[in-house]
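Q: Structure provided below as structure tokens; questions to follow.
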Amino acid sequence: MLDNILLPFRINGSLRLDRSVRDRAASIAEQVGIADKLNRLSTRLSHGEKQRVAVCRALIAEPVLLLADEPTGNLDPTNTQKVLDILLDAADASGATLVTVTHDHDLLSRFGRTVDFRDFHRATEEVEP
Amino acid sequence: MREILFLAWRYLAHNRVKTGVLVGSIMLIVYLPVALRVLVSQSATELTSRAEATPLLVGAKGSPLELALNSLYFESDTPELTTYAEAERIADSGLAQAIPLYVRFKVRAQPIVGTSIEYLDFRGLRFADGRAMAILGECVLGSRAADILDVGVGGTVITSPESVFDIAGVYPLKMQVVGVLEPSYTADDIAVFVDLKTAWIIQGLVHGHQDMAAPESATGVLSREGDNIVANASVIQYTEITADNIDSFHFHGSTGDYPISAVIAAPHDQKSGTILMGRYESPDDPAQIFQPTTVIDELLGTIFTVQNFVVAGMILVGLAALATAVLVFALSLRLRKREIETMAKIGGSRVRVAGVLITEIAVVVLASVVLAGVLTALTARFASTAVRLLLLQ
């Protein structure tokens, strides 16, 4: 699983893998509650755990723009808050922009701006003859 | 590059069964034709070396191949027989050393080689135990023959009838084993060596029986004219040569008329060899002389032709297997479509992703070739012994 989190550094020639990156991977895994599964094969992870691995992999390269499509979709309430915390903290720490798509209205209050796509639908229907 | 190698390695290690099957298949595609060539080449060397160690062969006119196989490897049917006079003719010429061979009978499946004691020196055979045959009825075993017959010095072996239906044929002869040879990894290992006279005893040409002149043999006498005694079928013929009856063994007629299968002629020099060959040029001569290397080279030419067909067949099968391997790689790429897309989405350039996939294939091919190389090296290393053992089967 650790290799999976570090994959961006192996597949992207412009990123350099060193000790600090490995430490960061361990730290992010710790924050999302999968630190004890770092040496486990991905085939032996639950769907929620896989999703958290994907979040770790997205954050490991410290991107300036984070695009997350239903990042908490398969998580229980506790892990939902954990993952959301880490995404928001990571965005705050690096000054990155986090764009998330979600169906969970309880999470909307955590974001700076929200866009309801139903408004787009209504606007589109009014414009169309 | 290190990261690409790492990713390729991790994928292959994770799919170790698929990787193993692929490596094994490609390894066999490379290894089999090469190993076949090595083995055939080694067999050729072994066959040729035996032929090269036998300068000239003399025997009755007929198939030289049969004569060569019988005299060098103690295989094939008994060739047309010649007579001991041929060995005397060569020895009397003063041009070559003549070593007679009479390869016809067997102890179970082991060939009995009737010859003179010079044969052992000529082939450079050394004793692991015991000594050479000295009197009638003694034999020396090749190392493998001793193993197969499960007998050593002091034991006995019994000759086998030429045919199980030959109830009127020669009597089996019980022979004393007086020596066992060290392994030479040649046909000599499977042979039972006896003196030529013992071979003639096996055939019944030289024999021993009760003294018909003695008063106790009177019941077996049909008629008596001077020294000539005609006996009936009740005469006891000895089937074992012992100190008590050895003096009763005797020849009928001239030894020159007795059969042998071949004579190994070892010329004193090249000129003597050429002169000796010239003496057999006459079409009326009932004997033939030839260099065994010529015959064996012809045989090897045939083997190499057959081998080329086999290699061609293997190459075709190999190409088919290679096409299957390519198909496996292609299908694997299709199955890994999402994985490849993910790598591209998290920043992997097309070149780098392609690099990972190509490296995986390269590692599999390289591992196969290295394995095939190691196996080929091992085959070449042990081919000599393996081929010798195979030829002795």
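All residue names refer to the structure tokens as shown: chains lettered A, B, ... in order, residues numbered from 1 in each chain, ligands numbered from 1 in order.
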Would you mind listing what lies within 6 Å of range 10-18 of chain A as a JSON list (two decimals) with N, CA and C atoms, in the first residue's frame, with only C-alpha atoms counted and same-chain residues fewer than 2 positions away left out?
A:
[["chain", "number", "residue", "atom", "x", "y", "z"],
["A", 7, "LEU", "N", 3.23, 6.13, -5.56],
["A", 7, "LEU", "CA", 3.23, 5.94, -7.02],
["A", 7, "LEU", "C", 3.46, 7.22, -7.82],
["A", 8, "PRO", "N", 2.87, 8.37, -7.45],
["A", 8, "PRO", "CA", 3.12, 9.58, -8.24],
["A", 8, "PRO", "C", 4.62, 9.91, -8.35],
["A", 20, "SER", "N", 12.06, 12.29, 3.01],
["A", 20, "SER", "CA", 11.01, 13.18, 3.50],
["A", 20, "SER", "C", 9.65, 12.81, 2.91],
["A", 21, "VAL", "N", 9.65, 12.36, 1.65],
["A", 21, "VAL", "CA", 8.39, 11.95, 1.00],
["A", 21, "VAL", "C", 7.83, 10.71, 1.69],
["B", 3, "GLU", "N", 13.22, 3.87, -10.84],
["B", 3, "GLU", "CA", 11.80, 3.80, -10.45],
["B", 3, "GLU", "C", 11.02, 2.94, -11.45],
["B", 347, "GLY", "N", 0.05, 11.68, -13.24],
["B", 347, "GLY", "CA", 1.25, 12.40, -13.69],
["B", 347, "GLY", "C", 2.22, 11.60, -14.52],
["B", 348, "GLY", "N", 1.91, 10.38, -14.82],
["B", 348, "GLY", "CA", 2.83, 9.58, -15.63],
["B", 348, "GLY", "C", 2.71, 9.94, -17.10]]
Q: From a DSSP calculation on the backbone, collect every residue of range 37-188 of chain B in strand (DSSP E) and output the set as a PyMOL selection string.
A: chain B and resi 56-60+82-83+96-107+110-115+127-130+138-141+156-158+174-181
Q: So that I can see what lies close to Ile260 in chain B, please list as a PyMOL selection string the residues with an atom at most 8 Å from it, counting only C-alpha atoms and leaving out residues fewer than 4 positions away in the same chain.
A: chain B and resi 81-84+100-103
Q: Can you measure CA of Val38 in chain B to CA of Tyr185 in chain B for me? One decimal in Å is fine.
A: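 Straight-line distance from CA of Val38 in chain B to CA of Tyr185 in chain B works out to 18.4 Å.
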Q: Please provide as a PDB file with C-alpha atoms, in the first residue's frame all residues within 10 Å of Gln51 in chain A, with the sequence filter that same-chain residues fewer than 2 positions apart are discarded (counting only C-alpha atoms).
A:
ATOM      1  CA  LEU A  45      -8.149  -3.584   1.795  1.00  0.00           C
ATOM      2  CA  SER A  46     -11.810  -2.680   2.176  1.00  0.00           C
ATOM      3  CA  HIS A  47     -13.383  -0.259  -0.287  1.00  0.00           C
ATOM      4  CA  GLY A  48     -13.241   2.544   2.279  1.00  0.00           C
ATOM      5  CA  GLU A  49      -9.589   1.841   2.988  1.00  0.00           C
ATOM      6  CA  VAL A  53      -5.290   5.297   0.101  1.00  0.00           C
ATOM      7  CA  ALA A  54      -6.421   7.230  -2.974  1.00  0.00           C
ATOM      8  CA  VAL A  55      -6.727  10.395  -0.848  1.00  0.00           C
ATOM      9  CA  CYS A  56      -3.210   9.854   0.523  1.00  0.00           C
ATOM     10  CA  ARG A  57      -1.902   9.363  -3.024  1.00  0.00           C
ATOM     11  CA  GLU A  70     -16.987  12.044  -3.943  1.00  0.00           C
ATOM     12  CA  PRO A  71     -13.886  11.590  -1.749  1.00  0.00           C
ATOM     13  CA  THR A  72     -16.001  10.421   1.201  1.00  0.00           C
ATOM     14  CA  GLY A  73     -18.563   8.463  -0.763  1.00  0.00           C
ATOM     15  CA  ASN A  74     -17.899   5.050   0.796  1.00  0.00           C
ATOM     16  CA  LEU A  75     -16.815   6.114   4.242  1.00  0.00           C
ATOM     17  CA  VAL A  83     -10.768  12.445   5.347  1.00  0.00           C
TER      18      VAL A  83
END
